[in-house]
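Data file: coords_26.csv. Format and content: CSV, C-alpha atoms.
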```
chain,number,residue,atom,x,y,z
Z,1,MET,CA,-54.8,-94.2,-1.2
Z,2,ALA,CA,-56.9,-97.2,-2.1
Z,3,HIS,CA,-53.9,-98.9,-3.7
Z,4,ALA,CA,-51.3,-101.0,-2.0
Z,5,GLU,CA,-48.7,-98.8,-0.4
Z,6,GLY,CA,-46.0,-99.7,-3.0
Z,7,HIS,CA,-48.2,-98.6,-5.9
Z,8,SER,CA,-49.8,-95.5,-4.5
Z,9,PRO,CA,-50.0,-92.6,-6.8
Z,10,MET,CA,-48.3,-90.7,-4.0
Z,11,GLU,CA,-45.3,-93.0,-3.9
Z,12,GLN,CA,-43.6,-91.0,-6.7
Z,13,PHE,CA,-43.3,-88.0,-4.4
Z,14,LYS,CA,-41.5,-89.9,-1.7
Z,15,ILE,CA,-38.2,-88.3,-0.6
Z,16,GLU,CA,-35.5,-91.0,-0.4
Z,17,PRO,CA,-32.1,-90.2,1.1
Z,18,LEU,CA,-29.3,-91.2,-1.2
Z,19,ILE,CA,-26.4,-89.9,0.9
Z,20,PRO,CA,-27.4,-89.5,4.6
Z,21,ILE,CA,-26.0,-86.3,6.1
Z,22,HIS,CA,-26.8,-85.3,9.6
Z,23,ILE,CA,-25.4,-82.0,11.0
Z,24,GLY,CA,-26.2,-81.2,14.6
Z,25,GLY,CA,-29.2,-83.4,14.6
Z,26,THR,CA,-30.6,-81.8,11.4
Z,27,ASP,CA,-31.2,-84.2,8.6
Z,28,ILE,CA,-29.8,-82.6,5.4
Z,29,SER,CA,-29.3,-85.8,3.5
Z,30,TYR,CA,-28.7,-85.7,-0.2
Z,31,THR,CA,-32.0,-87.1,-1.5
Z,32,ASN,CA,-33.6,-87.9,-4.8
Z,33,SER,CA,-35.1,-84.3,-4.7
Z,34,ALA,CA,-31.6,-82.9,-4.3
Z,35,LEU,CA,-30.4,-85.1,-7.1
Z,36,PHE,CA,-32.9,-83.7,-9.5
Z,37,MET,CA,-32.1,-80.2,-8.4
Z,38,THR,CA,-28.5,-81.1,-9.3
Z,39,PHE,CA,-29.6,-82.4,-12.7
Z,40,ALA,CA,-31.5,-79.2,-13.3
Z,41,VAL,CA,-28.5,-77.1,-12.4
Z,42,ILE,CA,-26.1,-79.3,-14.4
Z,43,LEU,CA,-28.3,-79.4,-17.5
Z,44,THR,CA,-29.0,-75.6,-17.4
Z,45,GLY,CA,-25.2,-75.1,-16.9
Z,46,LEU,CA,-24.4,-77.4,-19.8
Z,47,LEU,CA,-27.0,-75.8,-22.0
Z,48,PHE,CA,-25.5,-72.3,-21.4
Z,49,TRP,CA,-21.9,-73.5,-21.4
Z,50,GLY,CA,-22.4,-75.4,-24.7
Z,51,ALA,CA,-24.4,-72.6,-26.2
Z,52,THR,CA,-21.9,-69.9,-25.4
Z,53,ARG,CA,-18.7,-71.9,-26.0
Z,54,HIS,CA,-18.3,-70.7,-29.6
Z,55,ARG,CA,-20.2,-67.5,-29.7
Z,56,THR,CA,-21.0,-66.9,-33.4
Z,57,MET,CA,-22.7,-64.1,-35.2
Z,58,VAL,CA,-25.0,-66.6,-36.8
Z,59,PRO,CA,-26.0,-68.9,-33.9
Z,60,GLY,CA,-26.1,-72.7,-34.1
Z,61,ARG,CA,-29.0,-74.7,-32.7
Z,62,LEU,CA,-27.8,-74.7,-29.1
Z,63,GLN,CA,-26.9,-71.0,-29.1
Z,64,ALA,CA,-30.2,-70.1,-30.7
Z,65,THR,CA,-32.0,-72.0,-28.0
Z,66,ALA,CA,-30.1,-70.2,-25.2
Z,67,GLU,CA,-30.6,-66.8,-27.0
Z,68,MET,CA,-34.3,-67.6,-27.4
Z,69,LEU,CA,-34.7,-68.4,-23.6
Z,70,TYR,CA,-32.6,-65.3,-22.7
Z,71,GLU,CA,-34.7,-63.0,-25.0
Z,72,PHE,CA,-37.9,-64.5,-23.8
Z,73,VAL,CA,-37.2,-63.9,-20.1
Z,74,ALA,CA,-35.4,-60.6,-20.7
Z,75,GLY,CA,-38.5,-59.4,-22.7
Z,76,MET,CA,-40.8,-60.6,-20.0
Z,77,VAL,CA,-38.8,-58.7,-17.3
Z,78,LYS,CA,-38.4,-55.6,-19.4
Z,79,GLU,CA,-42.1,-55.5,-20.3
Z,80,ASN,CA,-43.3,-56.0,-16.8
Z,81,THR,CA,-40.8,-54.1,-14.6
Z,82,GLY,CA,-39.3,-51.7,-17.1
Z,83,LEU,CA,-35.5,-51.0,-17.4
Z,84,GLU,CA,-35.1,-50.6,-13.6
Z,85,GLY,CA,-36.2,-54.2,-13.2
Z,86,MET,CA,-33.5,-55.5,-15.5
Z,87,LYS,CA,-31.1,-55.8,-12.6
Z,88,TYR,CA,-33.3,-58.6,-11.3
Z,89,PHE,CA,-33.2,-60.3,-14.6
Z,90,PRO,CA,-30.5,-62.9,-13.7
Z,91,PHE,CA,-32.6,-63.9,-10.7
Z,92,VAL,CA,-35.8,-64.2,-12.7
Z,93,PHE,CA,-33.9,-66.1,-15.4
Z,94,THR,CA,-32.5,-68.5,-12.8
Z,95,LEU,CA,-35.9,-69.0,-11.4
Z,96,PHE,CA,-37.4,-69.7,-14.8
Z,97,MET,CA,-34.7,-72.2,-15.8
Z,98,PHE,CA,-34.7,-73.9,-12.4
Z,99,ILE,CA,-38.5,-74.4,-12.4
Z,100,LEU,CA,-38.6,-75.3,-16.1
Z,101,PHE,CA,-36.0,-78.0,-15.8
Z,102,GLY,CA,-37.5,-79.2,-12.5
Z,103,ASN,CA,-40.9,-79.6,-14.2
Z,104,PHE,CA,-39.5,-81.2,-17.4
Z,105,LEU,CA,-37.2,-83.6,-15.5
Z,106,GLY,CA,-40.1,-84.7,-13.4
Z,107,LEU,CA,-41.9,-85.9,-16.6
Z,108,MET,CA,-39.0,-88.2,-17.6
Z,109,PRO,CA,-39.4,-91.8,-16.7
Z,110,TYR,CA,-38.2,-92.5,-13.2
Z,111,GLY,CA,-38.0,-88.7,-12.8
Z,112,PHE,CA,-38.6,-86.9,-9.6
Z,113,THR,CA,-40.4,-83.5,-9.6
Z,114,PHE,CA,-38.9,-81.3,-6.8
Z,115,THR,CA,-41.4,-78.6,-7.7
Z,116,SER,CA,-44.2,-81.0,-6.6
Z,117,HIS,CA,-43.2,-80.4,-3.0
Z,118,ILE,CA,-44.9,-77.5,-1.3
Z,119,ILE,CA,-41.9,-76.8,0.9
Z,120,VAL,CA,-39.8,-76.1,-2.2
Z,121,THR,CA,-42.4,-73.9,-3.9
Z,122,ALA,CA,-43.2,-72.2,-0.6
Z,123,ALA,CA,-39.6,-71.4,0.0
Z,124,MET,CA,-39.2,-69.8,-3.4
Z,125,ALA,CA,-42.4,-67.9,-3.1
Z,126,LEU,CA,-41.6,-66.7,0.4
Z,127,PHE,CA,-38.2,-65.6,-0.7
Z,128,ILE,CA,-39.7,-63.6,-3.6
Z,129,PHE,CA,-42.3,-62.1,-1.3
Z,130,THR,CA,-39.8,-61.1,1.3
Z,131,ALA,CA,-37.4,-59.8,-1.3
Z,132,VAL,CA,-40.1,-57.8,-3.0
Z,133,THR,CA,-41.3,-56.3,0.3
Z,134,ILE,CA,-37.8,-55.3,1.2
Z,135,ILE,CA,-37.1,-53.8,-2.2
Z,136,GLY,CA,-40.4,-51.9,-1.9
Z,137,PHE,CA,-39.7,-50.4,1.5
Z,138,ALA,CA,-36.0,-49.7,0.5
Z,139,ARG,CA,-37.1,-47.8,-2.6
Z,140,HIS,CA,-40.2,-46.0,-1.3
Z,141,GLY,CA,-40.0,-46.2,2.5
Z,142,LEU,CA,-43.4,-45.9,4.2
Z,143,HIS,CA,-44.8,-44.6,0.9
Z,144,PHE,CA,-44.8,-48.3,-0.1
Z,145,PHE,CA,-48.1,-48.6,1.8
Z,146,ALA,CA,-49.6,-46.5,-1.0
Z,147,LEU,CA,-49.5,-49.8,-2.9
Z,148,PHE,CA,-52.6,-50.9,-0.9
Z,149,VAL,CA,-54.6,-47.8,-1.9
Z,150,PRO,CA,-56.1,-48.3,-5.4
Z,151,PRO,CA,-55.2,-45.3,-7.6
Z,152,GLY,CA,-58.0,-42.9,-8.2
Z,153,ALA,CA,-60.4,-44.4,-5.6
Z,154,PRO,CA,-62.4,-42.0,-3.5
Z,155,LEU,CA,-61.5,-42.0,0.2
Z,156,GLY,CA,-64.5,-43.9,1.4
Z,157,ILE,CA,-63.9,-46.7,-1.0
Z,158,ALA,CA,-60.2,-46.7,-0.5
Z,159,ILE,CA,-60.7,-47.3,3.2
Z,160,ILE,CA,-62.7,-50.5,2.4
Z,161,LEU,CA,-60.4,-51.5,-0.4
Z,162,ALA,CA,-57.1,-51.0,1.4
Z,163,PRO,CA,-57.5,-54.0,3.8
Z,164,LEU,CA,-58.5,-56.2,0.8
Z,165,GLU,CA,-55.5,-55.1,-1.1
Z,166,PHE,CA,-53.3,-55.7,1.9
Z,167,PHE,CA,-54.8,-59.2,2.3
Z,168,SER,CA,-54.3,-60.0,-1.3
Z,169,TYR,CA,-50.7,-58.8,-1.0
Z,170,LEU,CA,-50.2,-61.1,2.0
Z,171,ILE,CA,-51.8,-64.0,0.2
Z,172,ARG,CA,-49.4,-63.7,-2.7
Z,173,PRO,CA,-46.8,-66.2,-1.5
Z,174,VAL,CA,-49.5,-68.7,-0.8
Z,175,SER,CA,-51.1,-68.5,-4.2
Z,176,LEU,CA,-47.7,-68.4,-5.9
Z,177,SER,CA,-46.4,-71.5,-4.2
Z,178,LEU,CA,-49.7,-73.4,-4.3
Z,179,ARG,CA,-50.2,-72.8,-8.0
Z,180,LEU,CA,-47.0,-74.5,-9.0
Z,181,PHE,CA,-47.2,-77.2,-6.3
Z,182,ALA,CA,-50.8,-78.1,-7.1
Z,183,ASN,CA,-50.3,-78.2,-10.9
Z,184,MET,CA,-47.3,-80.5,-10.6
Z,185,LEU,CA,-48.9,-82.7,-8.0
Z,186,ALA,CA,-52.2,-83.0,-9.9
Z,187,GLY,CA,-50.5,-83.7,-13.2
Z,188,HIS,CA,-48.3,-86.5,-11.8
Z,189,VAL,CA,-51.1,-88.0,-9.7
Z,190,LEU,CA,-53.3,-88.1,-12.8
Z,191,LEU,CA,-50.7,-89.8,-14.9
Z,192,LYS,CA,-50.1,-92.4,-12.2
Z,193,VAL,CA,-53.8,-93.1,-11.6
Z,194,LEU,CA,-54.3,-93.5,-15.4
Z,195,ALA,CA,-51.3,-95.8,-15.5
Z,196,GLY,CA,-52.8,-97.9,-12.7
Z,197,PHE,CA,-56.0,-98.3,-14.8
Z,198,ILE,CA,-54.1,-99.7,-17.8
Z,199,ILE,CA,-53.3,-102.8,-15.8
Z,200,THR,CA,-56.6,-103.2,-14.0
Z,201,LEU,CA,-58.7,-102.8,-17.2
Z,202,GLY,CA,-56.8,-105.5,-19.1
Z,203,VAL,CA,-57.6,-105.2,-22.9
Z,204,PHE,CA,-59.6,-102.0,-22.3
Z,205,GLY,CA,-56.4,-100.5,-20.9
Z,206,VAL,CA,-55.8,-98.9,-24.3
Z,207,VAL,CA,-58.3,-96.2,-23.3
Z,208,PRO,CA,-56.3,-95.0,-20.3
Z,209,PHE,CA,-53.2,-95.6,-22.3
Z,210,ALA,CA,-54.4,-93.2,-25.0
Z,211,ALA,CA,-55.4,-90.8,-22.3
Z,212,ILE,CA,-51.9,-90.9,-20.8
Z,213,PHE,CA,-50.5,-90.2,-24.2
Z,214,GLY,CA,-52.5,-87.0,-24.4
Z,215,VAL,CA,-52.1,-86.0,-20.8
Z,216,THR,CA,-48.3,-86.3,-21.1
Z,217,PHE,CA,-48.4,-83.6,-23.8
Z,218,LEU,CA,-50.7,-81.6,-21.6
Z,219,GLU,CA,-48.3,-82.0,-18.7
Z,220,LEU,CA,-45.3,-80.9,-20.9
Z,221,MET,CA,-47.3,-77.8,-21.7
Z,222,VAL,CA,-48.2,-77.2,-18.1
Z,223,ALA,CA,-44.6,-77.7,-17.1
Z,224,ALA,CA,-43.5,-74.8,-19.4
Z,225,ILE,CA,-46.6,-72.7,-18.6
Z,226,GLN,CA,-46.1,-73.0,-14.8
Z,227,ALA,CA,-42.4,-72.0,-15.1
Z,228,TYR,CA,-43.5,-69.0,-17.1
Z,229,VAL,CA,-46.4,-68.1,-14.8
Z,230,PHE,CA,-44.1,-68.3,-11.7
Z,231,SER,CA,-41.5,-66.0,-13.2
Z,232,LEU,CA,-44.1,-63.7,-14.7
Z,233,LEU,CA,-45.8,-63.2,-11.4
Z,234,THR,CA,-42.4,-62.6,-9.8
Z,235,CYS,CA,-41.9,-59.8,-12.4
Z,236,ILE,CA,-45.3,-58.3,-11.6
Z,237,TYR,CA,-44.6,-58.3,-7.9
Z,238,LEU,CA,-41.2,-56.8,-8.6
Z,239,ASN,CA,-42.9,-54.1,-10.6
Z,240,ASP,CA,-45.2,-53.3,-7.7
Z,241,ALA,CA,-42.2,-52.9,-5.5
Z,242,ILE,CA,-40.3,-50.7,-8.0
Z,243,HIS,CA,-43.2,-48.6,-9.4
Z,244,LEU,CA,-45.9,-49.1,-6.8
Z,245,HIS,CA,-48.8,-49.3,-9.3
M,1,MET,CA,-48.6,-87.5,1.4
M,2,PRO,CA,-44.8,-87.2,1.4
M,3,GLN,CA,-45.2,-83.5,0.9
M,4,PHE,CA,-46.5,-83.0,4.4
M,5,ASP,CA,-43.8,-85.0,6.1
M,6,PRO,CA,-41.7,-82.3,7.9
M,7,SER,CA,-38.8,-84.7,8.4
M,8,SER,CA,-37.5,-84.0,4.9
M,9,PHE,CA,-38.1,-80.3,5.0
M,10,ALA,CA,-34.7,-79.3,6.3
M,11,SER,CA,-32.9,-81.4,3.6
M,12,GLN,CA,-35.1,-80.0,0.8
M,13,LEU,CA,-34.6,-76.4,1.9
M,14,PHE,CA,-30.9,-76.9,2.3
M,15,TRP,CA,-30.4,-78.4,-1.1
M,16,LEU,CA,-32.8,-75.9,-2.7
M,17,LEU,CA,-30.6,-73.1,-1.3
M,18,VAL,CA,-27.4,-74.8,-2.5
M,19,MET,CA,-28.6,-75.6,-6.0
M,20,PHE,CA,-30.5,-72.3,-6.5
M,21,VAL,CA,-27.4,-70.3,-5.5
M,22,ALA,CA,-25.3,-72.5,-7.8
M,23,LEU,CA,-27.6,-72.0,-10.7
M,24,TYR,CA,-27.8,-68.3,-9.9
M,25,TRP,CA,-24.0,-68.1,-10.1
M,26,ILE,CA,-24.0,-70.0,-13.4
M,27,VAL,CA,-26.7,-67.8,-14.9
M,28,SER,CA,-25.5,-64.4,-13.7
M,29,LYS,CA,-21.8,-65.0,-14.2
M,30,ILE,CA,-21.7,-67.1,-17.3
M,31,ALA,CA,-25.0,-67.3,-19.2
M,32,VAL,CA,-26.2,-63.7,-19.0
M,33,PRO,CA,-22.9,-61.9,-19.7
M,34,ARG,CA,-22.0,-64.2,-22.6
M,35,ILE,CA,-25.4,-64.3,-24.3
M,36,GLY,CA,-25.9,-60.6,-23.6
M,37,GLU,CA,-22.5,-59.9,-25.2
M,38,VAL,CA,-23.3,-61.9,-28.3
M,39,LEU,CA,-26.7,-60.3,-28.7
M,40,GLU,CA,-25.3,-56.8,-28.3
M,41,GLN,CA,-22.5,-57.6,-30.8
M,42,ARG,CA,-25.0,-58.9,-33.3
M,43,ALA,CA,-27.2,-55.8,-32.9
M,44,ARG,CA,-24.1,-53.7,-33.4
M,45,VAL,CA,-23.0,-55.5,-36.5
M,46,ILE,CA,-26.6,-55.2,-37.9
M,47,GLN,CA,-26.7,-51.5,-37.1
M,48,ASP,CA,-23.2,-51.0,-38.7
M,49,ASP,CA,-24.4,-52.9,-41.8
M,50,LEU,CA,-27.5,-50.8,-42.0
M,51,ASP,CA,-25.5,-47.6,-41.5
M,52,ARG,CA,-23.1,-48.6,-44.3
M,53,ALA,CA,-26.0,-49.6,-46.5
M,54,SER,CA,-27.6,-46.2,-46.1
M,55,GLN,CA,-24.2,-44.5,-46.6
M,56,LEU,CA,-23.7,-46.4,-49.8
M,57,LYS,CA,-27.2,-45.5,-50.9
M,58,ALA,CA,-26.4,-41.8,-50.3
M,59,GLU,CA,-23.2,-42.2,-52.4
M,60,THR,CA,-25.2,-43.9,-55.1
M,61,ASP,CA,-27.8,-41.2,-55.1
M,62,ALA,CA,-25.0,-38.6,-55.4
M,63,ALA,CA,-23.4,-40.5,-58.3
M,64,VAL,CA,-26.8,-40.7,-60.0
M,65,ALA,CA,-27.3,-37.0,-59.5
M,66,ALA,CA,-23.8,-36.2,-60.8
M,67,TYR,CA,-24.5,-38.4,-63.8
M,68,ASP,CA,-27.8,-36.7,-64.5
M,69,LYS,CA,-26.2,-33.3,-64.3
M,70,ALA,CA,-23.3,-34.3,-66.6
M,71,MET,CA,-25.8,-35.7,-69.0
M,72,ALA,CA,-27.9,-32.5,-69.0
M,73,ASP,CA,-24.8,-30.4,-69.4
M,74,ALA,CA,-23.5,-32.5,-72.3
M,75,ARG,CA,-26.9,-32.3,-73.9
M,76,GLY,CA,-27.0,-28.5,-73.5
M,77,GLN,CA,-23.5,-28.2,-74.9
M,78,ALA,CA,-24.3,-30.4,-77.9
M,79,TYR,CA,-27.4,-28.4,-78.6
M,80,GLU,CA,-25.3,-25.2,-78.4
M,81,HIS,CA,-22.7,-26.7,-80.8
M,82,MET,CA,-25.5,-27.7,-83.2
M,83,ARG,CA,-27.0,-24.3,-83.1
M,84,VAL,CA,-23.7,-22.6,-83.9
M,85,MET,CA,-22.9,-25.0,-86.6
M,86,GLN,CA,-26.4,-24.5,-88.1
M,87,ALA,CA,-25.9,-20.8,-88.1
M,88,GLU,CA,-22.5,-21.0,-89.8
M,89,LEU,CA,-23.8,-23.4,-92.4
M,90,LYS,CA,-26.7,-21.1,-93.1
M,91,ALA,CA,-24.4,-18.1,-93.5
M,92,VAL,CA,-22.2,-20.1,-95.9
M,93,SER,CA,-25.1,-21.4,-97.9
M,94,ASP,CA,-26.6,-17.9,-98.0
M,95,LYS,CA,-23.4,-16.5,-99.3
M,96,LYS,CA,-23.0,-19.2,-101.9
M,97,THR,CA,-26.7,-18.9,-103.0
M,98,ALA,CA,-26.1,-15.1,-103.4
M,99,GLU,CA,-23.0,-15.7,-105.4
M,100,VAL,CA,-24.6,-18.3,-107.6
M,101,THR,CA,-27.7,-16.1,-108.0
M,102,ASP,CA,-25.4,-13.2,-109.0
M,103,THR,CA,-23.5,-15.2,-111.6
M,104,VAL,CA,-26.7,-16.7,-113.0
M,105,THR,CA,-28.3,-13.3,-113.2
M,106,ARG,CA,-25.3,-11.9,-115.0
M,107,GLN,CA,-25.1,-14.8,-117.4
M,108,ILE,CA,-28.8,-14.5,-118.1
M,109,ALA,CA,-28.3,-10.8,-118.8
M,110,ASP,CA,-25.4,-11.5,-121.1
M,111,ALA,CA,-27.3,-14.2,-122.9
M,112,GLU,CA,-30.2,-12.0,-123.3
M,113,ALA,CA,-28.0,-9.3,-124.8
M,114,ARG,CA,-26.4,-11.8,-127.1
M,115,ILE,CA,-29.8,-13.1,-128.2
M,116,ALA,CA,-31.0,-9.5,-128.8
M,117,ALA,CA,-27.9,-8.8,-130.9
M,118,ALA,CA,-28.3,-12.0,-132.9
M,119,LYS,CA,-31.9,-11.2,-133.4
M,120,GLN,CA,-31.0,-7.7,-134.6
M,121,LYS,CA,-28.5,-9.1,-136.9
M,122,ALA,CA,-30.9,-11.7,-138.3
M,123,LEU,CA,-33.5,-9.0,-138.9
M,124,GLU,CA,-30.9,-6.9,-140.7
M,125,GLY,CA,-30.0,-9.9,-142.8
M,126,LEU,CA,-33.7,-10.5,-143.5
M,127,LYS,CA,-34.2,-6.9,-144.7
M,128,THR,CA,-31.3,-7.2,-147.2
M,129,ILE,CA,-32.5,-10.6,-148.4
M,130,SER,CA,-36.1,-9.4,-148.8
M,131,ALA,CA,-35.0,-6.4,-150.7
M,132,ASP,CA,-32.8,-8.4,-153.0
M,133,THR,CA,-35.5,-11.0,-153.5
M,134,ALA,CA,-38.1,-8.3,-154.2
M,135,ARG,CA,-35.7,-6.6,-156.8
M,136,ASP,CA,-35.1,-9.9,-158.5
M,137,VAL,CA,-38.8,-10.8,-158.6
M,138,VAL,CA,-39.6,-7.4,-160.0
M,139,SER,CA,-36.9,-7.5,-162.7
M,140,LYS,CA,-37.8,-11.1,-163.7
M,141,LEU,CA,-41.5,-10.5,-163.8
M,142,ALA,CA,-41.7,-6.9,-165.0
M,143,GLY,CA,-38.3,-6.4,-166.5
M,144,LEU,CA,-37.9,-3.4,-164.5
M,145,THR,CA,-35.1,-2.2,-162.4
M,146,PRO,CA,-36.7,-0.7,-159.3
M,147,GLU,CA,-35.2,2.2,-157.5
M,148,GLY,CA,-33.2,1.0,-154.5
M,149,GLY,CA,-34.9,3.3,-152.0
M,150,ALA,CA,-38.4,2.3,-153.0
M,151,VAL,CA,-37.7,-1.4,-152.5
M,152,ASP,CA,-36.1,-0.8,-149.1
M,153,ALA,CA,-39.0,1.3,-148.0
M,154,ALA,CA,-41.5,-1.3,-149.1
M,155,VAL,CA,-39.6,-4.1,-147.3
M,156,ALA,CA,-39.4,-2.1,-144.2
M,157,THR,CA,-43.1,-1.4,-144.3
M,158,ALA,CA,-43.9,-5.1,-144.9
M,159,LEU,CA,-41.6,-6.2,-142.1
M,160,LYS,CA,-43.2,-3.7,-139.8
M,161,ASP,CA,-46.6,-5.1,-140.6
M,162,ALA,CA,-45.4,-8.7,-140.2
M,163,ARG,CA,-43.9,-8.0,-136.8
```
Just give me the structure of the file as structure tokens.
Amino acid sequence: MAHAEGHSPMEQFKIEPLIPIHIGGTDISYTNSALFMTFAVILTGLLFWGATRHRTMVPGRLQATAEMLYEFVAGMVKENTGLEGMKYFPFVFTLFMFILFGNFLGLMPYGFTFTSHIIVTAAMALFIFTAVTIIGFARHGLHFFALFVPPGAPLGIAIILAPLEFFSYLIRPVSLSLRLFANMLAGHVLLKVLAGFIITLGVFGVVPFAAIFGVTFLELMVAAIQAYVFSLLTCIYLNDAIHLH
Amino acid sequence: MPQFDPSSFASQLFWLLVMFVALYWIVSKIAVPRIGEVLEQRARVIQDDLDRASQLKAETDAAVAAYDKAMADARGQAYEHMRVMQAELKAVSDKKTAEVTDTVTRQIADAEARIAAAKQKALEGLKTISADTARDVVSKLAGLTPEGGAVDAAVATALKDAR
């Protein structure tokens, strides 16, 4: 952080309490992060409410958008977890919309990206990991451990591979949360650093300005892709819990 | 980095839980049932339309087959009618031809008989005329009156030679 504290590229991630709330010594203030989560919920709610207000056989623009999102996520869940996984579709759909809007809203001017906080992504990833593990044991009992034995591997190799598989299973919440967090963090830091160069380079500031123009599109793409990747991996983990391999 | 400041963790986790549950409620209670319903309804309408289209197509095919059959039947019937008519016409024309042929044959026979009679009559006349002429010639030239029988015989002989 070579810049002055007020213009640090990290300043955009600062959590600022808007309505201080303290319960039993725990600070659960309504912050800018909570505000943007609220925006994400309200916008998603408005989108679905508006889209399904007049349900028509031939959809309008909003309804077509909602239907496209629905069919996209439904297709993803069905493809990766089969029909048995469809009961988790509302959860995956919520996850997808929440992260998608979180990422997009963070790219708005003065926006705050709640998905750029490791605690948020880690909480979601740990919840998924725990849920998947519980579902796995509930469905298969101790047979769920068969997940760590690669199918068709000879006993000798299986003994070596099983700990690796187990480790990769345990590392899932870490990779899942870090991927989203790091992508959002890096993108926003990059944008801020480039923006800083515009001022310091004077006339030659057009170069970083052009770069920002391109990177913004890249970040919009990353925002959508990361929401997709997060929910896709959730589907894949769910599939492991439902079908083992 | 503000990300590693634990003082804000409790607040972030709390609001994440609240907002995620709120969104889950919206998605699972409003969005998914409504959109699912409209998609299902649309799929049903499309399926119904397809079913009706295939039913109508079957009806059309049946109608076309019935038309083709009726056409073939009518053609067969018309052909049969034509055949019967032709046979009747042929019978009538044969009968008529036979009648006409009969009449004509009879008329020809009559005519021939009449011609033969006329010819006979003419020949008879010729014989008389020749005999008279011969008698007259003989009397004028020789002053003789020839015997009737001799002249007739001579004429008959001459006519026989001339014939």
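You can rank M:Ala31, M:Glu99, M:Val21, M:Gln47 by their closest distance to chain Z using all atoms listed in the file, and at the top of that list sits M:Ala31.
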ask   = Can you tell me how far atom CA of Z:Thr38 sits from atom CA of M:Met19, in Å to one decimal?
value =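 Those two atoms sit 6.4 Å apart.
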From atom CA of Z:Leu180 to atom CA of Z:Glu67 the spacing works out at 25.5 Å
Give me the residues near stretch 230-234 of chain Z as a compact mmCIF listing (two decimals) with C-alpha atoms, in the coordinates of the input, where near means some atom within 8 Å (using all atoms listed in the file) and where sequence neighbours in that chain fewer than 2 positions away do not count.
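Output (result_31.txt):
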```txt
# COMPACT_ATOMS: atom_id res chain seq x y z
CA MET Z 76 -40.80 -60.60 -20.00
CA VAL Z 77 -38.80 -58.70 -17.30
CA VAL Z 92 -35.80 -64.20 -12.70
CA PHE Z 93 -33.90 -66.10 -15.40
CA LEU Z 95 -35.90 -69.00 -11.40
CA PHE Z 96 -37.40 -69.70 -14.80
CA ILE Z 128 -39.70 -63.60 -3.60
CA LEU Z 176 -47.70 -68.40 -5.90
CA LEU Z 180 -47.00 -74.50 -9.00
CA GLN Z 226 -46.10 -73.00 -14.80
CA ALA Z 227 -42.40 -72.00 -15.10
CA TYR Z 228 -43.50 -69.00 -17.10
CA ILE Z 236 -45.30 -58.30 -11.60
CA TYR Z 237 -44.60 -58.30 -7.90
CA LEU Z 238 -41.20 -56.80 -8.60
```
Which distance in Å separates atom CA of Z:Gly196 and atom CA of Z:Glu11, to one decimal?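 Between atom CA of Z:Gly196 and atom CA of Z:Glu11 the gap works out to 12.6 Å.
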Using only C-alpha atoms, the shortest atom-to-atom distance to chain Z among M:Met1, M:Val64, M:Val104, M:Ala158 belongs to M:Met1
Checklist entry - Counting only C-alpha atoms, what is within 12 Å of M:Val18, bar same-chain residues fewer than 3 positions away, as a ChimeraX atom specification? => result /Z:28,30,34-35,37-38,41 /M:11-15,21-25
Please write the residues from the selection above to a file, keeping C-alpha atoms, as a compact mmCIF listing (two decimals), keeping the file's coordinate frame.
```txt
# COMPACT_ATOMS: atom_id res chain seq x y z
CA ILE Z 28 -29.80 -82.60 5.40
CA TYR Z 30 -28.70 -85.70 -0.20
CA ALA Z 34 -31.60 -82.90 -4.30
CA LEU Z 35 -30.40 -85.10 -7.10
CA MET Z 37 -32.10 -80.20 -8.40
CA THR Z 38 -28.50 -81.10 -9.30
CA VAL Z 41 -28.50 -77.10 -12.40
CA SER M 11 -32.90 -81.40 3.60
CA GLN M 12 -35.10 -80.00 0.80
CA LEU M 13 -34.60 -76.40 1.90
CA PHE M 14 -30.90 -76.90 2.30
CA TRP M 15 -30.40 -78.40 -1.10
CA VAL M 21 -27.40 -70.30 -5.50
CA ALA M 22 -25.30 -72.50 -7.80
CA LEU M 23 -27.60 -72.00 -10.70
CA TYR M 24 -27.80 -68.30 -9.90
CA TRP M 25 -24.00 -68.10 -10.10
```
What are the closest atom pairs, with distances in Å to one decimal, for all residues of stretch 130-195 of chain Z lying within 10 Å of stretch 112-121 of chain Z? Consider only C-alpha atoms, order rows by chain and residue number, and present the result as a Markdown table.
```
| residue | atom | partner | partner_atom | distance |
| --- | --- | --- | --- | --- |
| Z:Pro173 | CA | Z:Thr121 | CA | 9.2 |
| Z:Val174 | CA | Z:Thr121 | CA | 9.3 |
| Z:Leu176 | CA | Z:Thr121 | CA | 7.9 |
| Z:Ser177 | CA | Z:Thr121 | CA | 4.7 |
| Z:Leu178 | CA | Z:Ile118 | CA | 7.0 |
| Z:Arg179 | CA | Z:Thr121 | CA | 8.9 |
| Z:Leu180 | CA | Z:Thr121 | CA | 6.9 |
| Z:Phe181 | CA | Z:Ser116 | CA | 4.9 |
| Z:Ala182 | CA | Z:Ser116 | CA | 7.2 |
| Z:Asn183 | CA | Z:Ser116 | CA | 8.0 |
| Z:Met184 | CA | Z:Ser116 | CA | 5.1 |
| Z:Leu185 | CA | Z:Ser116 | CA | 5.2 |
| Z:Ala186 | CA | Z:Ser116 | CA | 8.9 |
| Z:Gly187 | CA | Z:Ser116 | CA | 9.5 |
| Z:His188 | CA | Z:Ser116 | CA | 8.6 |
```
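Shell of stretch 148-164 of chain Z at 10 Å, with all atoms listed in the file counted and residues fewer than 6 places along the chain excluded, is Leu170, Leu244 and His245 of chain Z.
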Judged by all atoms listed in the file, the minimum distance to M:Arg44 among Z:Ile225, Z:Ala125, Z:Ile19, Z:Met57 is found for Z:Met57
